[in-house]
$ cat target.cif   # mmCIF, C-alpha atoms
data_structure
#
loop_
_atom_site.label_atom_id
_atom_site.label_comp_id
_atom_site.auth_asym_id
_atom_site.auth_seq_id
_atom_site.Cartn_x
_atom_site.Cartn_y
_atom_site.Cartn_z
CA MET A 284 -7.40 0.85 8.60
CA ALA A 285 -9.08 1.93 11.80
CA ASN A 286 -12.69 2.44 10.81
CA VAL A 287 -13.51 -0.57 8.69
CA SER A 288 -16.86 -1.08 10.38
CA LYS A 289 -17.79 2.58 10.05
CA TRP A 290 -17.09 2.67 6.32
CA PHE A 291 -18.61 -0.67 5.36
CA GLY A 292 -20.83 -1.85 8.20
CA PHE A 293 -21.51 -5.24 9.70
CA GLY A 294 -24.44 -7.61 9.39
CA LYS A 295 -23.77 -8.71 5.82
CA ASN A 296 -22.62 -12.23 6.65
CA GLU A 297 -21.55 -13.96 9.86
CA ASP A 298 -18.13 -14.95 8.52
CA TYR A 299 -17.67 -11.51 6.96
CA ASP A 300 -18.31 -9.88 10.34
CA ARG A 301 -15.96 -12.29 12.08
CA GLY A 302 -13.29 -11.67 9.47
CA LEU A 303 -13.46 -7.88 9.79
CA ARG A 304 -13.28 -8.04 13.58
CA ALA A 305 -10.21 -10.28 13.34
CA PHE A 306 -8.69 -7.94 10.74
CA GLU A 307 -9.15 -4.93 13.00
CA ALA A 308 -7.55 -6.91 15.85
CA ASP A 309 -4.53 -7.76 13.60
CA ASP A 310 -5.41 -11.47 13.86
CA TYR A 311 -4.70 -12.16 10.21
CA PRO A 312 -4.88 -16.00 10.17
CA THR A 313 -8.39 -15.83 11.64
CA ALA A 314 -9.36 -13.03 9.27
CA ILE A 315 -8.13 -15.08 6.30
CA GLU A 316 -10.06 -18.18 7.36
CA ALA A 317 -13.29 -16.26 7.98
CA LEU A 318 -13.15 -14.15 4.82
CA GLU A 319 -12.34 -17.20 2.68
CA SER A 320 -15.43 -18.85 4.15
CA CYS A 321 -17.46 -15.74 3.34
CA ARG A 322 -16.25 -15.81 -0.28
CA ARG A 323 -17.55 -19.35 -0.71
CA GLN A 324 -21.00 -18.42 0.60
CA VAL A 325 -22.01 -15.02 -0.72
CA SER A 326 -23.36 -14.13 -4.14
CA ASP A 327 -23.93 -10.39 -3.57
CA PRO A 328 -21.20 -8.68 -5.65
CA THR A 329 -20.70 -5.79 -3.21
CA THR A 330 -20.20 -8.05 -0.19
CA LEU A 331 -17.98 -10.34 -2.25
CA ARG A 332 -15.85 -7.42 -3.41
CA GLN A 333 -15.46 -6.13 0.15
CA ALA A 334 -14.56 -9.59 1.48
CA GLU A 335 -11.95 -10.01 -1.26
CA HIS A 336 -10.46 -6.59 -0.54
CA TYR A 337 -9.92 -7.31 3.16
CA LEU A 338 -8.88 -10.88 2.43
CA ALA A 339 -6.10 -9.62 0.15
CA GLU A 340 -5.03 -7.04 2.73
CA ALA A 341 -5.01 -9.65 5.50
CA ARG A 342 -2.92 -11.99 3.34
CA ALA A 343 -0.48 -9.18 2.51
CA ARG A 344 0.01 -8.25 6.16
CA TYR A 345 0.31 -11.87 7.22
CA GLY A 346 2.81 -12.47 4.43
CA LEU A 347 4.97 -9.60 5.67
CA ALA A 348 4.86 -11.05 9.19
CA LEU A 349 5.93 -14.43 7.83
CA LEU A 350 8.74 -12.80 5.86
CA LYS A 351 9.94 -11.02 8.99
CA ALA A 352 9.86 -14.40 10.78
CA ASP A 353 12.14 -15.80 8.03
CA GLN A 354 9.45 -17.98 6.46
CA PRO A 355 9.68 -16.82 2.82
CA GLU A 356 7.97 -19.88 1.29
CA GLU A 357 4.89 -19.34 3.46
CA ALA A 358 5.00 -15.61 2.73
CA ILE A 359 5.07 -16.30 -1.02
CA ALA A 360 1.94 -18.43 -0.70
CA GLN A 361 0.10 -15.56 1.00
CA PHE A 362 1.24 -12.93 -1.51
CA LYS A 363 0.32 -15.13 -4.47
CA ALA A 364 -3.12 -15.82 -3.02
CA ALA A 365 -3.69 -12.08 -2.55
CA LEU A 366 -2.62 -11.39 -6.13
CA VAL A 367 -5.27 -13.77 -7.49
CA THR A 368 -7.97 -11.24 -6.68
CA HIS A 369 -5.84 -8.06 -6.67
CA PRO A 370 -3.22 -8.39 -9.40
CA GLU A 371 -3.20 -4.61 -9.85
CA TYR A 372 -1.66 -3.85 -6.43
CA PRO A 373 2.02 -2.89 -6.93
CA ASP A 374 2.77 -3.35 -3.21
CA LEU A 375 1.88 -7.04 -3.44
CA HIS A 376 4.27 -7.57 -6.35
CA LEU A 377 7.03 -5.79 -4.41
CA HIS A 378 6.40 -7.94 -1.32
CA LEU A 379 6.53 -11.06 -3.49
CA SER A 380 9.84 -9.91 -4.98
CA LEU A 381 11.34 -9.52 -1.50
CA ALA A 382 10.33 -13.07 -0.62
CA TYR A 383 11.90 -14.38 -3.83
CA ARG A 384 15.03 -12.42 -3.01
CA ARG A 385 15.21 -14.11 0.38
CA LEU A 386 15.22 -17.46 -1.46
CA GLY A 387 17.79 -16.32 -4.03
CA GLN A 388 15.30 -16.73 -6.90
CA THR A 389 16.63 -13.85 -9.01
CA GLU A 390 14.52 -14.21 -12.14
CA LEU A 391 11.27 -14.47 -10.20
CA GLN A 392 12.33 -11.47 -8.14
CA ARG A 393 13.03 -9.49 -11.33
CA HIS A 394 9.67 -10.48 -12.83
CA SER A 395 7.78 -9.32 -9.71
CA LEU A 396 9.66 -6.02 -9.62
CA ASP A 397 8.95 -5.45 -13.31
CA ARG A 398 5.25 -6.03 -12.69
CA ALA A 399 5.22 -3.59 -9.75
CA LEU A 400 6.87 -0.94 -11.93
CA GLU A 401 4.47 -1.56 -14.82
CA LEU A 402 1.64 -0.73 -12.45
CA ASN A 403 3.42 2.24 -10.85
CA PRO A 404 6.46 3.45 -12.84
CA ARG A 405 7.44 5.92 -10.08
CA TYR A 406 7.30 3.37 -7.27
CA ALA A 407 10.42 4.36 -5.33
CA ALA A 408 10.79 1.17 -3.28
CA ALA A 409 10.41 -1.09 -6.32
CA THR A 410 12.84 1.06 -8.32
CA LEU A 411 15.34 0.88 -5.47
CA HIS A 412 15.11 -2.90 -5.22
CA ARG A 413 15.36 -3.27 -8.98
CA GLY A 414 18.54 -1.22 -8.82
CA LEU A 415 19.93 -3.39 -6.03
CA LEU A 416 19.11 -6.52 -8.00
CA GLU A 417 20.87 -5.28 -11.12
CA PHE A 418 23.92 -4.07 -9.20
CA GLN A 419 24.27 -7.38 -7.36
CA SER A 420 23.93 -9.17 -10.72
CA GLY A 421 26.94 -7.23 -12.03
CA ASN A 422 24.93 -4.72 -14.08
CA PHE A 423 26.49 -1.82 -12.21
CA ASP A 424 25.48 1.08 -14.46
CA GLU A 425 21.85 -0.02 -14.76
CA GLY A 426 21.70 -0.70 -11.02
CA LEU A 427 23.05 2.71 -10.04
CA GLU A 428 20.79 4.43 -12.56
CA ASN A 429 17.72 2.82 -10.99
CA ILE A 430 18.85 3.65 -7.48
CA GLY A 431 19.41 7.27 -8.51
CA LYS A 432 15.86 7.36 -9.89
CA ALA A 433 14.50 5.96 -6.62
CA ILE A 434 16.14 8.79 -4.70
CA ASP A 435 14.63 11.32 -7.10
CA TYR A 436 11.20 9.75 -6.62
CA ASP A 437 11.51 9.65 -2.83
CA PRO A 438 13.65 12.38 -1.25
CA GLY A 439 13.23 10.59 2.08
CA LEU A 440 15.83 8.04 0.98
CA ASN A 441 19.25 8.73 2.44
CA ARG A 442 21.27 10.53 -0.23
CA GLN A 443 24.38 10.61 1.97
CA ARG A 444 24.44 6.80 2.04
CA TYR A 445 24.05 6.79 -1.73
CA GLU A 446 27.04 9.11 -2.12
CA PHE A 447 29.05 6.89 0.21
CA ALA A 448 28.06 3.86 -1.88
CA MET A 449 29.16 5.65 -5.05
CA GLU A 450 32.51 6.44 -3.45
CA CYS A 451 32.95 2.76 -2.53
CA HIS A 452 32.04 1.78 -6.08
CA ARG A 453 34.62 4.15 -7.56
CA LYS A 454 37.23 2.50 -5.33
CA GLY A 455 36.19 -0.93 -6.60
CA ASP A 456 34.91 -2.04 -3.20
CA THR A 457 31.84 -3.94 -4.41
CA SER A 458 30.98 -5.61 -1.11
CA ARG A 459 30.92 -2.33 0.77
CA THR A 460 28.98 -0.68 -2.05
CA ILE A 461 26.27 -3.33 -1.85
CA ALA A 462 26.09 -3.04 1.95
CA ALA A 463 25.67 0.74 1.70
CA LEU A 464 23.04 0.47 -1.02
CA GLU A 465 21.06 -2.14 0.93
CA SER A 466 21.03 0.15 3.97
CA LEU A 467 19.79 3.01 1.80
CA GLY A 468 16.17 1.92 1.87
CA ALA A 469 15.92 -0.49 4.78
CA ALA A 470 16.02 1.95 7.67
CA GLU A 471 13.86 4.55 5.95
CA ASP A 472 11.15 2.08 4.97
CA ASP A 473 11.15 0.52 8.42
CA ASP A 474 10.91 3.95 10.03
CA ALA A 475 8.03 5.02 7.79
CA ASN A 476 6.15 1.81 8.46
CA PHE A 477 6.93 2.07 12.16
CA HIS A 478 5.26 5.49 12.40
CA ALA A 479 2.40 4.30 10.19
CA ARG A 480 1.74 1.34 12.48
CA ILE A 481 1.68 3.65 15.51
CA ALA A 482 -0.71 5.95 13.64
CA ASP A 483 -2.98 3.00 12.78
CA SER A 484 -3.07 2.08 16.45
CA PHE A 485 -4.06 5.62 17.45
CA ALA A 486 -6.72 5.71 14.72
CA LYS A 487 -8.30 2.50 16.00
CA LYS A 488 -8.74 4.26 19.35
CA HIS A 489 -10.14 7.39 17.64
CA LEU A 490 -7.09 9.40 18.79
CA TYR A 491 -7.03 11.28 15.52
CA SER A 492 -4.67 14.14 16.36
CA GLU A 493 -2.06 11.63 17.53
CA ALA A 494 -2.63 9.54 14.40
CA ILE A 495 -2.19 12.59 12.17
CA SER A 496 1.10 13.41 13.89
CA GLU A 497 2.47 9.89 13.33
CA TYR A 498 1.32 9.72 9.71
CA ALA A 499 3.04 13.06 9.13
CA LYS A 500 6.29 11.60 10.48
CA ALA A 501 5.96 8.64 8.13
CA ILE A 502 5.31 10.92 5.16
CA ALA A 503 8.31 13.09 6.04
CA ILE A 504 10.43 9.96 5.63
CA SER A 505 8.67 8.58 2.54
CA PRO A 506 6.62 11.37 0.93
CA GLU A 507 5.51 9.24 -2.04
CA TYR A 508 4.18 6.36 0.07
CA ALA A 509 0.69 6.28 -1.46
CA ASP A 510 -0.92 3.99 1.13
CA ILE A 511 0.09 6.22 4.05
CA ARG A 512 -1.13 9.31 2.20
CA CYS A 513 -4.48 7.59 1.63
CA ARG A 514 -4.79 6.59 5.28
CA LEU A 515 -4.04 10.15 6.38
CA GLY A 516 -6.68 11.41 3.96
CA GLN A 517 -9.21 9.05 5.55
CA ILE A 518 -8.33 10.42 8.99
CA TYR A 519 -8.95 13.96 7.71
CA LEU A 520 -12.37 12.79 6.58
CA GLU A 521 -12.99 11.55 10.13
CA THR A 522 -11.96 14.93 11.57
CA ASP A 523 -14.13 16.77 9.00
CA GLU A 524 -11.23 18.48 7.26
CA PRO A 525 -12.10 17.71 3.62
CA ALA A 526 -9.68 20.20 2.06
CA LEU A 527 -6.77 18.51 3.83
CA ALA A 528 -8.19 15.13 2.84
CA VAL A 529 -8.23 16.17 -0.83
CA ARG A 530 -4.58 17.18 -0.53
CA GLU A 531 -3.55 13.75 0.78
CA PHE A 532 -5.66 11.76 -1.67
CA GLU A 533 -4.22 13.78 -4.55
CA ALA A 534 -0.70 13.08 -3.26
CA ALA A 535 -1.49 9.36 -3.18
CA LEU A 536 -2.90 9.53 -6.72
CA SER A 537 0.16 11.37 -8.02
CA THR A 538 2.12 8.25 -7.08
CA ASN A 539 -0.53 5.72 -8.14
CA PRO A 540 -3.26 7.17 -10.40
CA GLN A 541 -5.25 3.91 -10.26
CA TYR A 542 -5.48 3.79 -6.45
CA VAL A 543 -9.25 3.29 -6.16
CA GLU A 544 -9.48 3.91 -2.41
CA ALA A 545 -7.78 7.28 -2.86
CA LEU A 546 -10.10 8.11 -5.76
CA ALA A 547 -13.13 7.23 -3.64
CA GLY A 548 -11.84 9.17 -0.66
CA LYS A 549 -11.19 12.21 -2.81
CA GLY A 550 -14.73 11.97 -4.13
CA ILE A 551 -16.15 12.00 -0.59
CA ALA A 552 -13.98 14.99 0.35
CA LEU A 553 -15.01 16.91 -2.78
CA ARG A 554 -18.69 16.24 -2.05
CA ARG A 555 -18.27 17.60 1.48
CA LEU A 556 -16.70 20.72 -0.04
CA GLY A 557 -19.77 21.15 -2.23
CA ARG A 558 -17.85 20.32 -5.42
CA ASN A 559 -20.43 17.78 -6.58
CA THR A 560 -19.56 17.73 -10.27
CA GLU A 561 -15.94 16.90 -9.50
CA ALA A 562 -17.01 14.40 -6.86
CA ARG A 563 -19.27 12.57 -9.29
CA ALA A 564 -16.40 12.35 -11.78
CA GLN A 565 -14.20 10.76 -9.11
CA PHE A 566 -16.79 8.11 -8.25
CA GLU A 567 -17.37 7.33 -11.92
CA GLU A 568 -13.62 6.89 -12.37
CA VAL A 569 -13.60 4.47 -9.42
CA LEU A 570 -16.25 2.37 -11.16
CA ASN A 571 -14.13 2.28 -14.31
CA PHE A 572 -11.54 0.36 -12.27
CA ASP A 573 -13.94 -1.50 -9.96
CA PRO A 574 -17.60 -1.67 -11.08
CA HIS A 575 -18.70 -3.05 -7.69
CA HIS A 576 -16.92 -0.53 -5.46
CA ALA A 577 -19.22 -0.09 -2.47
CA ILE A 578 -18.45 3.54 -1.61
CA ALA A 579 -18.68 4.77 -5.19
CA LEU A 580 -22.01 3.00 -5.75
CA VAL A 581 -23.50 4.41 -2.54
CA GLU A 582 -22.27 7.92 -3.28
CA LEU A 583 -23.53 7.96 -6.87
CA ASN A 584 -27.00 6.96 -5.63
CA ARG A 585 -27.21 10.02 -3.41
CA SER A 586 -29.99 12.37 -4.46
CA GLY A 587 -27.55 15.24 -4.98
CA PHE A 588 -25.87 13.34 -7.80
CA ARG A 589 -28.99 12.38 -9.76
#
$ encode --input "target.cif" --output "structure tokens"
Amino acid sequence: MANVSKWFGFGKNEDYDRGLRAFEADDYPTAIEALESCRRQVSDPTTLRQAEHYLAEARARYGLALLKADQPEEAIAQFKAALVTHPEYPDLHLHLSLAYRRLGQTELQRHSLDRALELNPRYAAATLHRGLLEFQSGNFDEGLENIGKAIDYDPGLNRQRYEFAMECHRKGDTSRTIAALESLGAAEDDDANFHARIADSFAKKHLYSEAISEYAKAIAISPEYADIRCRLGQIYLETDEPALAVREFEAALSTNPQYVEALAGKGIALRRLGRNTEARAQFEEVLNFDPHHAIALVELNRSGFR
């Protein structure tokens, strides 16, 4: 996210600072090395929690880059390391499943998808990939049922391709059915992430109107993409539009009710709207999931909440 230093500040630890600067520069190997070093040194729970958060995010992004470079074993190592500290992140379990798929490790892929869906039962991408896995394993009815659910969860998925796949299936053309189903999510997810990456780049340069436009394009493709909704909500906080921020954080939470960054962001937006009782409840809920969450702790110590 663009404003890491603004939200959390520097000066906590030399390696922590170095890691965040590398993270913001998309230099994930350096960020991983520096934040791992920070973890071994610090005892302050808030700094440790922040370092672990950005370490997991750096590992996730580096793992995706390795997967794109056709290095699934190395990607798996990064995703597993991130899951040690953040086992509750459904995206990490989905990424791990995709790496296992690349290696043809079906049971491990299924286990990772199941875990992602336990954490977020309406996770469209995980539901789609679970459907693809079952279909390719010969469980056609279960596979198509899951894929149909994914389309219901995320209207941005290409329904026309799904109908074409169903037609191929009725004709008994399994190979063409699988090809059509695989294309169902690939282009849409890539497009959504493409616009999100452009938006992140604009946000880093404080070009917020441009960032908002690109996030909106990503959301039009994948409206239940919780992470993009959360990032857009954070941009609305930067542009002092708290009502719009609340809308985006609530959309993220409708997909993943345990998304602590969205809960914290919503709390900030509610406070700016003067809805202090609701804001306090949000921050208290954050602490139920993460007792050391920096933003929630700072906000709850404000005089207006005492």
$ residues_around --input "target.cif" --residues "Glu446 (chain A)" --least-positions-apart "5" --cutoff "12 Å" --atoms "all atoms listed in the file" --output "list in words"
Leu427, Ile430, Gly431, Ile434, Leu440, Asn441, Cys451, His452, Arg453, Thr460, Ala463, Leu464 and Leu467 of chain A
$ atom_distance --input "target.cif" --atom1 "CA of Gly516 (chain A)" --atom2 "CA of Arg342 (chain A)"
23.7 Å
$ atom_distance --input "target.cif" --atom1 "CA of Asn559 (chain A)" --atom2 "CA of Leu580 (chain A)"
14.9 Å
$ residues_around --input "target.cif" --residues "Ala486 (chain A)" --least-positions-apart "5" --cutoff "12 Å" --atoms "only C-alpha atoms" --output "ChimeraX atom specification"
/A:284-287,307,479-481,491-498,514-515,517-519,521-522
$ residues_around --input "target.cif" --residues "Ala534 (chain A)" --least-positions-apart "4" --cutoff "10 Å" --atoms "all atoms listed in the file" --output "compact mmCIF listing (two decimals) with C-alpha atoms, in the frame of the given file"
# COMPACT_ATOMS: atom_id res chain seq x y z
CA PRO A 506 6.62 11.37 0.93
CA GLU A 507 5.51 9.24 -2.04
CA TYR A 508 4.18 6.36 0.07
CA ALA A 509 0.69 6.28 -1.46
CA ARG A 512 -1.13 9.31 2.20
CA CYS A 513 -4.48 7.59 1.63
CA GLY A 516 -6.68 11.41 3.96
CA ALA A 528 -8.19 15.13 2.84
CA VAL A 529 -8.23 16.17 -0.83
CA ARG A 530 -4.58 17.18 -0.53
CA THR A 538 2.12 8.25 -7.08
CA ASN A 539 -0.53 5.72 -8.14
CA PRO A 540 -3.26 7.17 -10.40
CA ALA A 545 -7.78 7.28 -2.86
$ axis_aligned_box --input "target.cif" --around "region 321-339 of chain A" --padding-each-side "6 Å" --output "lines of an AutoDock Vina configuration file"
center_x = -15.0
center_y = -12.6
center_z = -1.2
size_x = 29.8
size_y = 25.6
size_z = 21.0
$ closest_residue --input "target.cif" --among "A:Leu377, A:Ala382, A:Leu349, A:Ala339" --to "Ala407 (chain A)" --atoms "all atoms listed in the file"
A:Leu377
$ closest_residue --input "target.cif" --among "A:Pro574, A:Pro525, A:Pro373, A:Gly439" --to "Ala475 (chain A)" --atoms "all atoms listed in the file"
A:Gly439
$ atom_distance --input "target.cif" --atom1 "CA of His394 (chain A)" --atom2 "CA of His376 (chain A)"
8.9 Å
$ closest_residue --input "target.cif" --among "A:Arg385, A:Arg301, A:Ala501, A:Phe477" --to "Ala352 (chain A)" --atoms "only C-alpha atoms"
A:Arg385
$ resolve_selection --input "target.cif" --expression "the PyMOL selection byres ((chain A and resi 423) around 12)" --output "number ranges by chain"
A: 413-422, 424-430, 448-449, 452-453, 455, 457, 460-461, 464
$ write_last_selection --input "target.cif" --atoms "C-alpha atoms" --output "PDB file, keeping the file's coordinate frame"
ATOM      1  CA  ARG A 413      15.360  -3.270  -8.980  1.00  0.00           C
ATOM      2  CA  GLY A 414      18.540  -1.220  -8.820  1.00  0.00           C
ATOM      3  CA  LEU A 415      19.930  -3.390  -6.030  1.00  0.00           C
ATOM      4  CA  LEU A 416      19.110  -6.520  -8.000  1.00  0.00           C
ATOM      5  CA  GLU A 417      20.870  -5.280 -11.120  1.00  0.00           C
ATOM      6  CA  PHE A 418      23.920  -4.070  -9.200  1.00  0.00           C
ATOM      7  CA  GLN A 419      24.270  -7.380  -7.360  1.00  0.00           C
ATOM      8  CA  SER A 420      23.930  -9.170 -10.720  1.00  0.00           C
ATOM      9  CA  GLY A 421      26.940  -7.230 -12.030  1.00  0.00           C
ATOM     10  CA  ASN A 422      24.930  -4.720 -14.080  1.00  0.00           C
ATOM     11  CA  ASP A 424      25.480   1.080 -14.460  1.00  0.00           C
ATOM     12  CA  GLU A 425      21.850  -0.020 -14.760  1.00  0.00           C
ATOM     13  CA  GLY A 426      21.700  -0.700 -11.020  1.00  0.00           C
ATOM     14  CA  LEU A 427      23.050   2.710 -10.040  1.00  0.00           C
ATOM     15  CA  GLU A 428      20.790   4.430 -12.560  1.00  0.00           C
ATOM     16  CA  ASN A 429      17.720   2.820 -10.990  1.00  0.00           C
ATOM     17  CA  ILE A 430      18.850   3.650  -7.480  1.00  0.00           C
ATOM     18  CA  ALA A 448      28.060   3.860  -1.880  1.00  0.00           C
ATOM     19  CA  MET A 449      29.160   5.650  -5.050  1.00  0.00           C
ATOM     20  CA  HIS A 452      32.040   1.780  -6.080  1.00  0.00           C
ATOM     21  CA  ARG A 453      34.620   4.150  -7.560  1.00  0.00           C
ATOM     22  CA  GLY A 455      36.190  -0.930  -6.600  1.00  0.00           C
ATOM     23  CA  THR A 457      31.840  -3.940  -4.410  1.00  0.00           C
ATOM     24  CA  THR A 460      28.980  -0.680  -2.050  1.00  0.00           C
ATOM     25  CA  ILE A 461      26.270  -3.330  -1.850  1.00  0.00           C
ATOM     26  CA  LEU A 464      23.040   0.470  -1.020  1.00  0.00           C
TER      27      LEU A 464
END
$ residues_around --input "target.cif" --residues "Gly302 (chain A)" --least-positions-apart "4" --cutoff "6 Å" --atoms "only C-alpha atoms" --output "list in words"
Asp298, Ala314, Ala317 and Leu318 of chain A
$ write_last_selection --input "target.cif" --atoms "C-alpha atoms" --output "PDB file, in the coordinates of the input"
ATOM      1  CA  ASP A 298     -18.130 -14.950   8.520  1.00  0.00           C
ATOM      2  CA  ALA A 314      -9.360 -13.030   9.270  1.00  0.00           C
ATOM      3  CA  ALA A 317     -13.290 -16.260   7.980  1.00  0.00           C
ATOM      4  CA  LEU A 318     -13.150 -14.150   4.820  1.00  0.00           C
TER       5      LEU A 318
END
$ resolve_selection --input "target.cif" --expression "the PyMOL selection byres ((chain A and resi 555) around 12)" --output "JSON, numbers by chain"
{"A": [519, 520, 521, 523, 524, 525, 526, 527, 528, 529, 548, 549, 550, 551, 552, 553, 554, 556, 557, 558, 559, 560, 561, 562, 563, 582, 587]}
$ resolve_selection --input "target.cif" --expression "the PyMOL selection byres ((chain A and resi 332) around 12)" --output "ChimeraX atom specification"
/A:291,299,318,321-322,325-331,333-339,368-369,573-578
$ closest_residue --input "target.cif" --among "A:Gln388, A:Ala358, A:Ser395, A:Tyr345" --to "Pro370 (chain A)" --atoms "only C-alpha atoms"
A:Ser395
$ residues_around --input "target.cif" --residues "Ala547 (chain A)" --least-positions-apart "6" --cutoff "7 Å" --atoms "all atoms listed in the file" --output "PyMOL selection string"
chain A and resi 565-566+569+578-579
$ closest_residue --input "target.cif" --among "A:Asp309, A:Glu450, A:Asp435, A:Asp483" --to "Tyr406 (chain A)" --atoms "only C-alpha atoms"
A:Asp435
